$ cat input.cif   # mmCIF, C-alpha atoms and all ligand atoms
data_run
#
loop_
_atom_site.label_atom_id
_atom_site.label_comp_id
_atom_site.auth_asym_id
_atom_site.auth_seq_id
_atom_site.Cartn_x
_atom_site.Cartn_y
_atom_site.Cartn_z
CA MET A 1 -24.01 -46.34 60.15
CA ALA A 2 -23.51 -49.16 57.68
CA SER A 3 -21.38 -52.06 58.90
CA SER A 4 -17.80 -52.31 57.64
CA SER A 5 -18.84 -55.41 55.70
CA ASP A 6 -21.44 -53.50 53.76
CA PRO A 7 -20.58 -54.40 50.14
CA TRP A 8 -21.61 -51.15 48.49
CA ARG A 9 -20.09 -48.87 51.04
CA ASN A 10 -16.61 -50.17 51.72
CA PRO A 11 -14.93 -48.95 48.53
CA LEU A 12 -16.67 -45.61 48.85
CA GLN A 13 -16.29 -45.24 52.62
CA GLN A 14 -14.27 -42.06 52.64
CA GLU A 15 -16.32 -40.48 49.90
CA LEU A 16 -19.60 -41.25 51.60
CA ASP A 17 -18.92 -40.23 55.20
CA ARG A 18 -19.91 -36.81 53.98
CA MET A 19 -21.61 -36.12 50.70
CA ARG A 20 -22.53 -32.97 48.86
CA ALA A 21 -26.09 -31.63 48.71
CA VAL A 22 -27.89 -28.39 47.94
CA VAL A 23 -28.65 -26.40 51.10
CA THR A 24 -30.13 -22.98 51.80
CA THR A 25 -28.04 -20.18 53.30
CA GLU A 26 -28.97 -17.44 55.79
CA SER A 27 -29.39 -15.02 52.89
CA GLY A 28 -31.71 -17.39 51.05
CA GLU A 29 -29.26 -18.59 48.42
CA LEU A 30 -28.99 -22.18 47.26
CA VAL A 31 -25.44 -23.53 47.56
CA ILE A 32 -23.77 -26.93 47.60
CA GLY A 33 -22.72 -27.92 51.10
CA GLU A 34 -21.59 -31.01 52.96
CA VAL A 35 -24.13 -33.19 54.77
CA PRO A 36 -24.07 -36.67 56.33
CA TYR A 37 -24.51 -39.48 53.85
CA PRO A 38 -27.94 -41.13 53.87
CA GLU A 39 -28.35 -44.46 55.63
CA PRO A 40 -31.32 -46.34 54.15
CA GLU A 41 -33.94 -48.04 56.29
CA GLN A 42 -35.23 -51.56 55.52
CA HIS A 43 -37.75 -50.39 52.94
CA GLN A 44 -35.42 -47.89 51.29
CA LEU A 45 -32.89 -48.22 48.51
CA LEU A 46 -29.89 -45.97 47.97
CA VAL A 47 -29.49 -44.16 44.67
CA LYS A 48 -26.47 -42.40 43.22
CA THR A 49 -28.06 -39.29 41.73
CA ILE A 50 -27.39 -38.53 38.08
CA ALA A 51 -29.90 -35.73 37.41
CA VAL A 52 -32.57 -33.73 39.19
CA SER A 53 -35.22 -31.34 37.94
CA VAL A 54 -36.26 -28.07 39.52
CA ASN A 55 -39.81 -27.06 40.38
CA ARG A 56 -41.32 -23.69 41.22
CA GLY A 57 -43.04 -25.02 44.34
CA GLU A 58 -39.92 -26.39 45.97
CA LEU A 59 -37.99 -23.18 45.26
CA LEU A 60 -40.69 -21.12 46.95
CA ARG A 61 -40.68 -23.51 49.90
CA ALA A 62 -36.88 -23.31 50.17
CA GLN A 63 -37.10 -19.51 50.34
CA ALA A 64 -39.46 -19.82 53.31
CA GLU A 65 -37.27 -22.30 55.23
CA LYS A 66 -34.39 -21.68 57.65
CA ALA A 67 -30.71 -21.88 56.61
CA GLY A 68 -29.55 -25.46 56.13
CA PHE A 69 -32.80 -26.66 54.59
CA ARG A 70 -32.29 -29.29 51.88
CA PRO A 71 -34.73 -28.91 48.97
CA GLY A 72 -35.29 -31.39 46.16
CA TRP A 73 -38.18 -33.53 44.97
CA ASP A 74 -37.31 -35.10 41.60
CA PHE A 75 -34.28 -37.25 40.88
CA SER A 76 -33.00 -39.97 38.57
CA GLY A 77 -29.99 -42.19 39.08
CA ILE A 78 -28.48 -45.61 39.64
CA VAL A 79 -29.29 -47.95 42.53
CA VAL A 80 -26.11 -48.52 44.57
CA ARG A 81 -27.77 -50.44 47.39
CA GLN A 82 -30.88 -52.57 47.15
CA ALA A 83 -33.54 -52.20 49.87
CA ALA A 84 -33.49 -54.97 52.49
CA ILE A 85 -37.06 -55.81 51.50
CA GLY A 86 -36.13 -56.20 47.81
CA GLY A 87 -37.04 -53.98 44.88
CA PRO A 88 -34.74 -52.76 42.10
CA PRO A 89 -31.28 -54.39 42.35
CA VAL A 90 -27.92 -52.62 42.35
CA GLY A 91 -27.21 -51.11 38.93
CA SER A 92 -30.88 -50.41 38.10
CA ARG A 93 -31.64 -47.07 36.46
CA VAL A 94 -34.48 -45.39 38.35
CA VAL A 95 -36.48 -42.19 38.58
CA GLY A 96 -38.08 -41.16 41.83
CA MET A 97 -39.43 -38.56 44.15
CA ARG A 98 -38.75 -37.47 47.71
CA ALA A 99 -40.53 -34.95 49.95
CA ILE A 100 -37.22 -33.08 50.55
CA GLY A 101 -33.47 -33.48 50.02
CA ALA A 102 -33.26 -35.02 46.53
CA TRP A 103 -30.66 -32.49 45.29
CA ALA A 104 -27.76 -34.52 46.64
CA GLU A 105 -25.11 -36.95 45.45
CA TYR A 106 -26.97 -39.86 47.06
CA VAL A 107 -30.61 -40.24 48.06
CA ARG A 108 -32.41 -42.89 50.04
CA VAL A 109 -35.98 -43.55 49.06
CA PRO A 110 -38.72 -46.16 49.64
CA VAL A 111 -38.93 -48.77 46.89
CA THR A 112 -42.51 -47.59 46.25
CA SER A 113 -41.25 -44.13 45.30
CA VAL A 114 -39.24 -45.13 42.23
CA ALA A 115 -39.85 -46.56 38.78
CA LEU A 116 -37.37 -48.39 36.57
CA VAL A 117 -36.01 -46.49 33.57
CA PRO A 118 -35.32 -48.51 30.40
CA PRO A 119 -32.07 -47.96 28.48
CA GLU A 120 -33.73 -45.98 25.69
CA VAL A 121 -34.76 -43.21 28.09
CA GLY A 122 -32.12 -40.68 29.21
CA LEU A 123 -31.74 -40.03 32.92
CA GLU A 124 -31.73 -36.28 32.35
CA GLU A 125 -35.01 -36.26 30.46
CA VAL A 126 -36.71 -38.70 32.84
CA SER A 127 -35.84 -36.49 35.83
CA THR A 128 -38.44 -33.97 34.59
CA LEU A 129 -41.27 -36.40 35.30
CA PRO A 130 -41.89 -36.81 39.02
CA ILE A 131 -43.78 -33.98 40.67
CA ALA A 132 -44.91 -32.17 37.51
CA GLY A 133 -45.88 -35.34 35.64
CA ILE A 134 -47.60 -36.96 38.61
CA THR A 135 -49.62 -33.81 39.31
CA ALA A 136 -50.60 -33.50 35.66
CA LEU A 137 -51.51 -37.16 35.25
CA GLY A 138 -53.56 -37.05 38.45
CA ALA A 139 -55.48 -34.05 37.11
CA VAL A 140 -56.07 -35.69 33.72
CA ASP A 141 -57.26 -38.89 35.42
CA LEU A 142 -59.80 -36.84 37.41
CA GLY A 143 -61.36 -35.77 34.10
CA GLY A 144 -62.57 -39.30 33.31
CA PRO A 145 -62.88 -40.45 29.68
CA LEU A 146 -61.53 -37.68 27.44
CA ILE A 147 -61.82 -38.92 23.87
CA ALA A 148 -62.66 -35.90 21.66
CA ARG A 149 -63.65 -33.88 24.73
CA LYS A 150 -62.53 -30.27 25.14
CA VAL A 151 -59.91 -29.63 27.79
CA LEU A 152 -58.40 -26.29 28.85
CA VAL A 153 -54.95 -26.18 30.45
CA THR A 154 -53.41 -22.99 31.85
CA GLY A 155 -49.69 -22.29 32.37
CA ALA A 156 -48.94 -24.76 29.58
CA SER A 157 -45.38 -23.53 28.98
CA GLY A 158 -44.41 -24.61 32.51
CA GLY A 159 -43.79 -28.05 33.98
CA VAL A 160 -47.23 -29.09 35.26
CA GLY A 161 -49.14 -27.31 32.50
CA TYR A 162 -47.00 -28.84 29.76
CA PHE A 163 -47.51 -32.39 31.04
CA ALA A 164 -51.24 -31.78 31.55
CA ALA A 165 -51.68 -30.53 27.97
CA MET A 166 -49.69 -33.42 26.50
CA LEU A 167 -51.26 -36.13 28.66
CA ALA A 168 -54.79 -34.93 27.94
CA THR A 169 -53.89 -34.96 24.23
CA ILE A 170 -52.57 -38.52 24.56
CA ALA A 171 -55.87 -39.41 26.28
CA GLY A 172 -57.68 -38.25 23.14
CA ALA A 173 -58.84 -34.83 24.26
CA ARG A 174 -59.08 -31.68 22.14
CA VAL A 175 -56.77 -29.52 24.21
CA THR A 176 -56.58 -25.74 24.35
CA ALA A 177 -53.24 -24.93 25.94
CA VAL A 178 -53.07 -21.44 27.40
CA VAL A 179 -49.72 -19.67 27.56
CA ARG A 180 -48.71 -16.17 28.56
CA ARG A 181 -46.03 -15.75 25.88
CA PRO A 182 -46.81 -15.44 22.16
CA ALA A 183 -48.25 -18.80 21.08
CA ALA A 184 -45.59 -19.20 18.38
CA GLU A 185 -42.86 -19.35 21.06
CA CYS A 186 -44.49 -22.48 22.48
CA ALA A 187 -45.33 -24.24 19.21
CA ASP A 188 -42.38 -26.67 19.35
CA LEU A 189 -42.84 -27.46 23.02
CA LEU A 190 -46.57 -28.09 22.62
CA ALA A 191 -46.47 -29.85 19.25
CA GLY A 192 -49.47 -32.17 18.98
CA VAL A 193 -51.79 -30.07 21.13
CA GLU A 194 -54.88 -28.96 19.15
CA THR A 195 -54.82 -25.23 19.99
CA ILE A 196 -52.35 -22.91 21.68
CA VAL A 197 -53.82 -19.65 22.91
CA SER A 198 -51.81 -16.73 24.18
CA ALA A 199 -53.56 -15.17 27.17
CA SER A 200 -51.15 -12.29 27.68
CA SER A 201 -54.11 -10.06 28.51
CA GLY A 202 -56.35 -12.60 30.23
CA LEU A 203 -58.11 -15.91 29.70
CA GLU A 204 -60.95 -14.45 27.59
CA ALA A 205 -59.02 -15.49 24.46
CA ALA A 206 -59.76 -19.12 25.32
CA ARG A 207 -63.53 -18.75 25.73
CA SER A 208 -64.43 -19.29 22.08
CA GLY A 209 -62.70 -22.70 22.14
CA GLY A 210 -65.01 -23.92 24.95
CA PRO A 211 -67.04 -24.81 26.85
CA TYR A 212 -64.66 -27.30 28.40
CA GLU A 213 -65.36 -30.68 30.00
CA LEU A 214 -62.16 -30.36 31.99
CA VAL A 215 -60.07 -27.39 33.04
CA ILE A 216 -56.66 -27.98 34.60
CA ASP A 217 -55.58 -24.71 36.19
CA THR A 218 -52.03 -24.13 37.42
CA LEU A 219 -52.38 -20.37 37.94
CA GLY A 220 -55.20 -19.52 40.38
CA GLY A 221 -56.09 -15.82 40.68
CA GLN A 222 -58.22 -14.23 37.98
CA THR A 223 -57.37 -17.08 35.61
CA LEU A 224 -59.14 -19.58 37.86
CA SER A 225 -62.13 -17.24 38.27
CA ASP A 226 -62.45 -16.92 34.49
CA ALA A 227 -61.81 -20.61 33.79
CA MET A 228 -64.71 -21.58 36.08
CA THR A 229 -67.07 -19.72 33.74
CA MET A 230 -65.95 -21.80 30.76
CA LEU A 231 -67.12 -25.24 31.89
CA THR A 232 -69.80 -27.47 30.39
CA PRO A 233 -72.80 -28.23 32.66
CA PHE A 234 -71.08 -31.37 34.00
CA GLY A 235 -67.56 -30.04 33.57
CA LYS A 236 -64.81 -30.21 36.15
CA CYS A 237 -62.14 -27.67 37.05
CA VAL A 238 -59.10 -29.18 38.74
CA THR A 239 -57.01 -26.60 40.57
CA VAL A 240 -53.38 -27.53 41.20
CA GLY A 241 -51.40 -24.29 41.34
CA VAL A 242 -51.32 -20.63 42.30
CA THR A 243 -48.55 -19.17 40.14
CA GLU A 244 -50.66 -16.08 39.45
CA SER A 245 -52.30 -15.79 42.91
CA SER A 246 -53.70 -18.00 45.66
CA HIS A 247 -56.77 -15.75 45.88
CA SER A 248 -59.61 -15.95 43.38
CA THR A 249 -62.99 -14.25 43.40
CA ILE A 250 -65.67 -16.54 42.05
CA ASP A 251 -69.02 -15.51 40.57
CA VAL A 252 -70.86 -18.19 42.54
CA GLU A 253 -74.22 -17.76 40.86
CA ARG A 254 -72.72 -17.97 37.39
CA PHE A 255 -70.85 -21.08 38.47
CA PHE A 256 -73.81 -23.01 39.89
CA MET A 257 -76.08 -21.88 37.07
CA THR A 258 -73.70 -23.70 34.73
CA GLY A 259 -75.34 -26.88 35.98
CA ASN A 260 -73.46 -29.50 37.93
CA ALA A 261 -69.93 -28.31 37.33
CA THR A 262 -67.37 -29.01 40.05
CA LEU A 263 -64.16 -27.52 41.39
CA GLN A 264 -61.67 -30.02 42.73
CA GLY A 265 -58.25 -29.61 44.32
CA LEU A 266 -55.34 -31.98 43.86
CA VAL A 267 -52.00 -32.29 45.63
CA ALA A 268 -49.43 -34.70 44.24
CA MET A 269 -47.46 -35.17 47.46
CA ARG A 270 -50.29 -37.36 48.73
CA ASP A 271 -48.76 -39.93 46.36
CA LEU A 272 -45.80 -40.18 48.76
CA ARG A 273 -48.17 -42.00 51.10
CA GLY A 274 -50.23 -45.08 50.33
CA ASP A 275 -49.01 -46.92 47.26
CA GLY A 276 -46.33 -44.31 46.62
CA PRO A 277 -45.59 -42.42 43.41
CA GLY A 278 -43.73 -45.31 41.75
CA ILE A 279 -46.87 -46.69 40.11
CA THR A 280 -47.75 -43.36 38.51
CA LEU A 281 -44.12 -42.83 37.50
CA GLU A 282 -44.16 -46.19 35.71
CA ARG A 283 -47.00 -44.95 33.50
CA LEU A 284 -45.15 -41.75 32.67
CA VAL A 285 -41.87 -43.55 31.95
CA HIS A 286 -43.73 -45.88 29.59
CA LEU A 287 -45.02 -42.89 27.62
CA LEU A 288 -41.49 -41.46 27.35
CA ALA A 289 -40.02 -44.83 26.37
CA THR A 290 -42.58 -45.30 23.61
CA GLY A 291 -42.07 -41.78 22.27
CA ARG A 292 -45.64 -40.68 22.96
CA LEU A 293 -44.50 -38.11 25.51
CA ARG A 294 -41.46 -35.83 25.26
CA ALA A 295 -39.55 -34.48 28.23
CA PRO A 296 -39.90 -30.66 28.32
CA VAL A 297 -36.23 -29.94 28.97
CA GLY A 298 -35.81 -26.18 28.60
CA LYS A 299 -32.46 -25.86 30.34
CA VAL A 300 -29.67 -28.23 31.37
CA ALA A 301 -26.86 -27.14 33.68
CA ASP A 302 -24.34 -28.50 36.16
CA TRP A 303 -25.78 -28.47 39.68
CA GLU A 304 -23.13 -25.95 40.76
CA ALA A 305 -25.35 -23.45 38.90
CA ILE A 306 -28.39 -24.22 41.07
CA ASP A 307 -28.88 -20.69 42.39
CA GLU A 308 -28.70 -19.12 38.94
CA VAL A 309 -31.00 -21.77 37.44
CA ALA A 310 -33.49 -21.32 40.28
CA ARG A 311 -33.64 -17.58 39.66
CA GLY A 312 -34.11 -18.21 35.94
CA LEU A 313 -37.02 -20.55 36.63
CA ILE A 314 -38.78 -18.18 39.03
CA ASP A 315 -38.24 -15.30 36.56
CA ARG A 316 -39.40 -17.58 33.72
CA SER A 317 -36.32 -16.93 31.56
CA PHE A 318 -36.90 -20.22 29.68
CA ILE A 319 -39.86 -22.44 28.86
CA GLY A 320 -40.26 -26.02 30.01
CA LYS A 321 -38.24 -27.47 32.87
CA ALA A 322 -34.70 -27.12 34.18
CA VAL A 323 -32.51 -30.17 34.69
CA LEU A 324 -29.34 -30.21 36.81
CA ARG A 325 -26.59 -32.77 36.28
CA ILE A 326 -25.18 -34.16 39.52
CA GLY A 327 -23.36 -37.39 38.68
CA GLN A 328 -22.35 -39.38 35.63
CA GLU A 329 -23.69 -42.66 34.40
CA ASP A 330 -20.80 -45.17 34.06
N1 LIG B 1 -50.90 -29.42 43.51
C1 LIG B 1 -49.71 -29.99 43.42
O1 LIG B 1 -49.47 -31.09 43.91
C2 LIG B 1 -48.63 -29.27 42.67
C3 LIG B 1 -47.52 -29.95 42.19
C4 LIG B 1 -46.56 -29.27 41.44
C5 LIG B 1 -46.73 -27.89 41.22
N2 LIG B 1 -47.80 -27.26 41.73
C6 LIG B 1 -48.04 -25.83 41.48
O2 LIG B 1 -48.35 -25.68 40.11
C7 LIG B 1 -47.93 -24.39 39.67
C8 LIG B 1 -47.06 -24.54 38.43
O3 LIG B 1 -45.86 -25.18 38.80
P1 LIG B 1 -44.75 -25.47 37.68
O4 LIG B 1 -43.67 -26.21 38.36
O5 LIG B 1 -45.39 -26.01 36.47
O6 LIG B 1 -44.26 -23.96 37.39
P2 LIG B 1 -43.41 -23.43 36.17
O7 LIG B 1 -42.71 -24.54 35.48
O8 LIG B 1 -42.61 -22.28 36.69
O9 LIG B 1 -44.52 -22.85 35.15
C9 LIG B 1 -45.23 -21.70 35.45
C10 LIG B 1 -46.21 -21.44 34.33
O10 LIG B 1 -47.06 -20.37 34.69
C11 LIG B 1 -46.93 -19.29 33.74
N3 LIG B 1 -46.98 -18.04 34.49
C12 LIG B 1 -46.11 -17.62 35.41
N4 LIG B 1 -46.55 -16.47 35.97
C13 LIG B 1 -47.73 -16.18 35.35
C14 LIG B 1 -48.66 -15.12 35.48
N5 LIG B 1 -48.49 -14.13 36.34
N6 LIG B 1 -49.75 -15.16 34.68
C15 LIG B 1 -49.94 -16.15 33.80
N7 LIG B 1 -49.08 -17.18 33.62
C16 LIG B 1 -47.99 -17.18 34.40
C17 LIG B 1 -45.61 -19.51 33.05
O11 LIG B 1 -45.67 -18.92 31.77
P3 LIG B 1 -44.33 -18.34 31.06
O12 LIG B 1 -43.60 -19.52 30.48
O13 LIG B 1 -44.87 -17.43 30.00
O14 LIG B 1 -43.56 -17.63 32.10
C18 LIG B 1 -45.57 -21.04 33.01
O15 LIG B 1 -46.37 -21.53 31.97
C19 LIG B 1 -47.23 -23.74 40.87
O16 LIG B 1 -48.15 -22.93 41.57
C20 LIG B 1 -46.84 -24.93 41.72
O17 LIG B 1 -46.67 -24.61 43.07
C21 LIG B 1 -48.75 -27.92 42.45
#
$ encode --input "input.cif" --output "structure tokens"
Amino acid sequence: MASSSDPWRNPLQQELDRMRAVVTTESGELVIGEVPYPEPEQHQLLVKTIAVSVNRGELLRAQAEKAGFRPGWDFSGIVVRQAAIGGPPVGSRVVGMRAIGAWAEYVRVPVTSVALVPPEVGLEEVSTLPIAGITALGAVDLGGPLIARKVLVTGASGGVGYFAAMLATIAGARVTAVVRRPAAECADLLAGVETIVSASSGLEAARSGGPYELVIDTLGGQTLSDAMTMLTPFGKCVTVGVTESSHSTIDVERFFMTGNATLQGLVAMRDLRGDGPGITLERLVHLLATGRLRAPVGKVADWEAIDEVARGLIDRSFIGKAVLRIGQED
């Protein structure tokens, strides 16, 4: 517990003894419940949450957890207590990432897990960045120099795929963004990307645009199998997701006869260790602040609507990402 002389807590004492957070119920719903307030450790700061974004992966994990589980990876907000070791001072606008529990009125987080947000960037839009942007940027970085190189991105109307297509474009690549919907539906979202291909009946529609130096696959299944036949001899396929299926059958001979192509996995949560995700978030925030990257906000709602929004995201009733408002910026 914080001491009674704690400057941030005293005026808020009653409010913070219990705070509200999204929890899972026995029947698998997401509801807002009461939980103990977070007490930061030495290396952690305390953030009043303004907005969070919702990701497919965390929703699927929440469904698999017991009642009382607290999901939530991405958040943005205002620092209300500086970490004992330093870092962003009280009043700083930040975006950050946690392994669980970010869908709450207050979050505690290591200083290495946040990046500062400049005034010209909205806290709702910046909340879309963490897990999807970090995964996408990690995958693009794995592709090496991309100027005028051909890159294929699958699931490009979703969070990770959108950021991967845009970041590879920013890196100078000639990107083919693959979507399941009619391409025209995604034209605004993916403005700036060289080609949008609708693969409603399979990835074959993208073959003529290749071969590709880099494939960033968010789908797995047959899409991954097909994508691995579209690489250049030294091309790389980075697999990050399994929205279609976690099982793929690979024509091994066709793959190795391509030459020296590689298949590489990537998991963004590893960024929560080591240097932390703050460094990567800083790069993404810079791109938003300079207008080179747009936040793919497809839906904004109050967090009371979490269960409905979660169902909409899993059912893909909108493109881009969902943002939930939790608090208000003063
Ligand atoms: N490796 C990591 O560290 C990491 C990090 C984050 C996410 N992920 C994984 O990456 C994947 C994407 O996550 P996300 O948050 O970007 O999901 P998302 O926002 O829900 O996007 C899903 C995308 O997949 C498309 N899609 C859905 N079902 C499909 C199907 N059966 N066939 C073809 N396309 C389909 C959607 O197209 P429509 O718009 O047409 O529905 C959309 O473009 C998930 O598997 C997630 O678990 C991995």
$ residues_near_ligand --input "input.cif" --ligand "ligand LIG 1 (chain B)" --cutoff "8 Å" --atoms "only C-alpha atoms and all ligand atoms" --output "PyMOL selection string"
chain A and resi 54-58+60+131-132+134-135+154-162+179-181+199-200+218-220+223+239-245+265-270+313-321
$ closest_residue --input "input.cif" --among "A:Met228, A:Ile32, A:Tyr37, A:Arg292" --to "Asp17 of chain A" --atoms "only C-alpha atoms"
A:Tyr37
$ atom_distance --input "input.cif" --atom1 "atom CA of Pro118 of chain A" --atom2 "atom CA of Glu304 of chain A"
27.7 Å
$ atom_distance --input "input.cif" --atom1 "atom CA of Gln63 of chain A" --atom2 "atom CA of Ala102 of chain A"
16.4 Å
$ atom_distance --input "input.cif" --atom1 "atom CA of Val285 of chain A" --atom2 "atom CA of Gly77 of chain A"
13.9 Å
$ residues_around --input "input.cif" --residues "Val35 of chain A" --least-positions-apart "3" --cutoff "8 Å" --atoms "all atoms listed in the file" --output "number ranges by chain"
A: 18-21
$ decode --input "input.cif" --residues "segment 31-117 of chain A" --atoms "C-alpha atoms" --output "PDB file, in the first residue's frame"
ATOM      1  CA  VAL A  31     -17.375  -7.214 -18.085  1.00  0.00           C
ATOM      2  CA  ILE A  32     -16.144  -4.317 -15.979  1.00  0.00           C
ATOM      3  CA  GLY A  33     -15.512  -5.369 -12.402  1.00  0.00           C
ATOM      4  CA  GLU A  34     -13.767  -4.051  -9.313  1.00  0.00           C
ATOM      5  CA  VAL A  35     -10.151  -4.995  -8.606  1.00  0.00           C
ATOM      6  CA  PRO A  36      -7.456  -3.746  -6.208  1.00  0.00           C
ATOM      7  CA  TYR A  37      -5.658  -0.648  -7.391  1.00  0.00           C
ATOM      8  CA  PRO A  38      -2.135  -1.230  -8.718  1.00  0.00           C
ATOM      9  CA  GLU A  39       0.813  -0.417  -6.476  1.00  0.00           C
ATOM     10  CA  PRO A  40       3.894   0.280  -8.613  1.00  0.00           C
ATOM     11  CA  GLU A  41       7.293  -1.205  -7.857  1.00  0.00           C
ATOM     12  CA  GLN A  42      10.494   0.879  -7.966  1.00  0.00           C
ATOM     13  CA  HIS A  43      10.924   0.564 -11.723  1.00  0.00           C
ATOM     14  CA  GLN A  44       7.260   1.106 -12.537  1.00  0.00           C
ATOM     15  CA  LEU A  45       5.221   4.229 -13.143  1.00  0.00           C
ATOM     16  CA  LEU A  46       1.477   4.548 -12.658  1.00  0.00           C
ATOM     17  CA  VAL A  47      -0.685   5.644 -15.559  1.00  0.00           C
ATOM     18  CA  LYS A  48      -4.277   6.857 -15.593  1.00  0.00           C
ATOM     19  CA  THR A  49      -5.642   5.076 -18.653  1.00  0.00           C
ATOM     20  CA  ILE A  50      -7.324   7.176 -21.324  1.00  0.00           C
ATOM     21  CA  ALA A  51      -7.688   4.656 -24.161  1.00  0.00           C
ATOM     22  CA  VAL A  52      -6.906   1.037 -24.957  1.00  0.00           C
ATOM     23  CA  SER A  53      -7.000  -0.935 -28.177  1.00  0.00           C
ATOM     24  CA  VAL A  54      -8.269  -4.457 -28.659  1.00  0.00           C
ATOM     25  CA  ASN A  55      -6.374  -7.297 -30.308  1.00  0.00           C
ATOM     26  CA  ARG A  56      -7.541 -10.646 -31.639  1.00  0.00           C
ATOM     27  CA  GLY A  57      -4.830 -12.547 -29.769  1.00  0.00           C
ATOM     28  CA  GLU A  58      -5.708 -11.232 -26.335  1.00  0.00           C
ATOM     29  CA  LEU A  59      -9.420 -11.904 -26.888  1.00  0.00           C
ATOM     30  CA  LEU A  60      -8.688 -15.515 -27.792  1.00  0.00           C
ATOM     31  CA  ARG A  61      -6.462 -15.836 -24.736  1.00  0.00           C
ATOM     32  CA  ALA A  62      -9.169 -14.344 -22.490  1.00  0.00           C
ATOM     33  CA  GLN A  63     -11.648 -16.938 -23.772  1.00  0.00           C
ATOM     34  CA  ALA A  64      -9.246 -19.692 -22.711  1.00  0.00           C
ATOM     35  CA  GLU A  65      -8.649 -18.294 -19.196  1.00  0.00           C
ATOM     36  CA  LYS A  66     -10.611 -18.830 -15.970  1.00  0.00           C
ATOM     37  CA  ALA A  67     -13.192 -16.336 -14.658  1.00  0.00           C
ATOM     38  CA  GLY A  68     -11.573 -13.240 -13.178  1.00  0.00           C
ATOM     39  CA  PHE A  69      -8.786 -13.061 -15.738  1.00  0.00           C
ATOM     40  CA  ARG A  70      -7.814  -9.490 -16.636  1.00  0.00           C
ATOM     41  CA  PRO A  71      -6.954  -9.069 -20.326  1.00  0.00           C
ATOM     42  CA  GLY A  72      -5.364  -6.032 -21.940  1.00  0.00           C
ATOM     43  CA  TRP A  73      -2.100  -5.306 -23.730  1.00  0.00           C
ATOM     44  CA  ASP A  74      -2.231  -1.818 -25.282  1.00  0.00           C
ATOM     45  CA  PHE A  75      -2.955   1.402 -23.430  1.00  0.00           C
ATOM     46  CA  SER A  76      -2.367   5.141 -23.561  1.00  0.00           C
ATOM     47  CA  GLY A  77      -2.780   7.640 -20.760  1.00  0.00           C
ATOM     48  CA  ILE A  78      -1.318  10.153 -18.342  1.00  0.00           C
ATOM     49  CA  VAL A  79       1.421   9.450 -15.802  1.00  0.00           C
ATOM     50  CA  VAL A  80       0.024  10.039 -12.295  1.00  0.00           C
ATOM     51  CA  ARG A  81       3.041   8.721 -10.419  1.00  0.00           C
ATOM     52  CA  GLN A  82       6.630   8.746 -11.598  1.00  0.00           C
ATOM     53  CA  ALA A  83       8.712   5.586 -11.123  1.00  0.00           C
ATOM     54  CA  ALA A  84      11.110   5.721  -8.162  1.00  0.00           C
ATOM     55  CA  ILE A  85      13.971   5.181 -10.609  1.00  0.00           C
ATOM     56  CA  GLY A  86      12.907   8.154 -12.770  1.00  0.00           C
ATOM     57  CA  GLY A  87      11.424   8.149 -16.259  1.00  0.00           C
ATOM     58  CA  PRO A  88       8.460  10.181 -17.515  1.00  0.00           C
ATOM     59  CA  PRO A  89       7.269  12.679 -14.860  1.00  0.00           C
ATOM     60  CA  VAL A  90       3.719  13.144 -13.599  1.00  0.00           C
ATOM     61  CA  GLY A  91       1.525  14.643 -16.321  1.00  0.00           C
ATOM     62  CA  SER A  92       3.400  13.001 -19.221  1.00  0.00           C
ATOM     63  CA  ARG A  93       1.277  11.557 -22.018  1.00  0.00           C
ATOM     64  CA  VAL A  94       2.409   7.990 -22.721  1.00  0.00           C
ATOM     65  CA  VAL A  95       1.585   4.898 -24.729  1.00  0.00           C
ATOM     66  CA  GLY A  96       2.585   1.487 -23.487  1.00  0.00           C
ATOM     67  CA  MET A  97       2.127  -2.222 -23.343  1.00  0.00           C
ATOM     68  CA  ARG A  98       1.572  -4.796 -20.622  1.00  0.00           C
ATOM     69  CA  ALA A  99       1.457  -8.596 -20.753  1.00  0.00           C
ATOM     70  CA  ILE A 100      -2.014  -8.593 -19.091  1.00  0.00           C
ATOM     71  CA  GLY A 101      -4.420  -6.257 -17.292  1.00  0.00           C
ATOM     72  CA  ALA A 102      -4.149  -3.025 -19.313  1.00  0.00           C
ATOM     73  CA  TRP A 103      -7.945  -2.628 -19.670  1.00  0.00           C
ATOM     74  CA  ALA A 104      -8.264  -0.824 -16.355  1.00  0.00           C
ATOM     75  CA  GLU A 105      -8.609   2.684 -14.977  1.00  0.00           C
ATOM     76  CA  TYR A 106      -4.981   2.645 -13.799  1.00  0.00           C
ATOM     77  CA  VAL A 107      -2.022   0.549 -14.919  1.00  0.00           C
ATOM     78  CA  ARG A 108       1.446   0.148 -13.509  1.00  0.00           C
ATOM     79  CA  VAL A 109       4.182  -0.500 -16.007  1.00  0.00           C
ATOM     80  CA  PRO A 110       8.000  -0.504 -16.202  1.00  0.00           C
ATOM     81  CA  VAL A 111       9.459   2.743 -17.534  1.00  0.00           C
ATOM     82  CA  THR A 112      10.974   0.713 -20.400  1.00  0.00           C
ATOM     83  CA  SER A 113       7.496  -0.285 -21.593  1.00  0.00           C
ATOM     84  CA  VAL A 114       6.235   3.193 -22.480  1.00  0.00           C
ATOM     85  CA  ALA A 115       7.007   5.943 -24.968  1.00  0.00           C
ATOM     86  CA  LEU A 116       6.163   9.624 -24.656  1.00  0.00           C
ATOM     87  CA  VAL A 117       3.330  10.929 -26.834  1.00  0.00           C
TER      88      VAL A 117
END
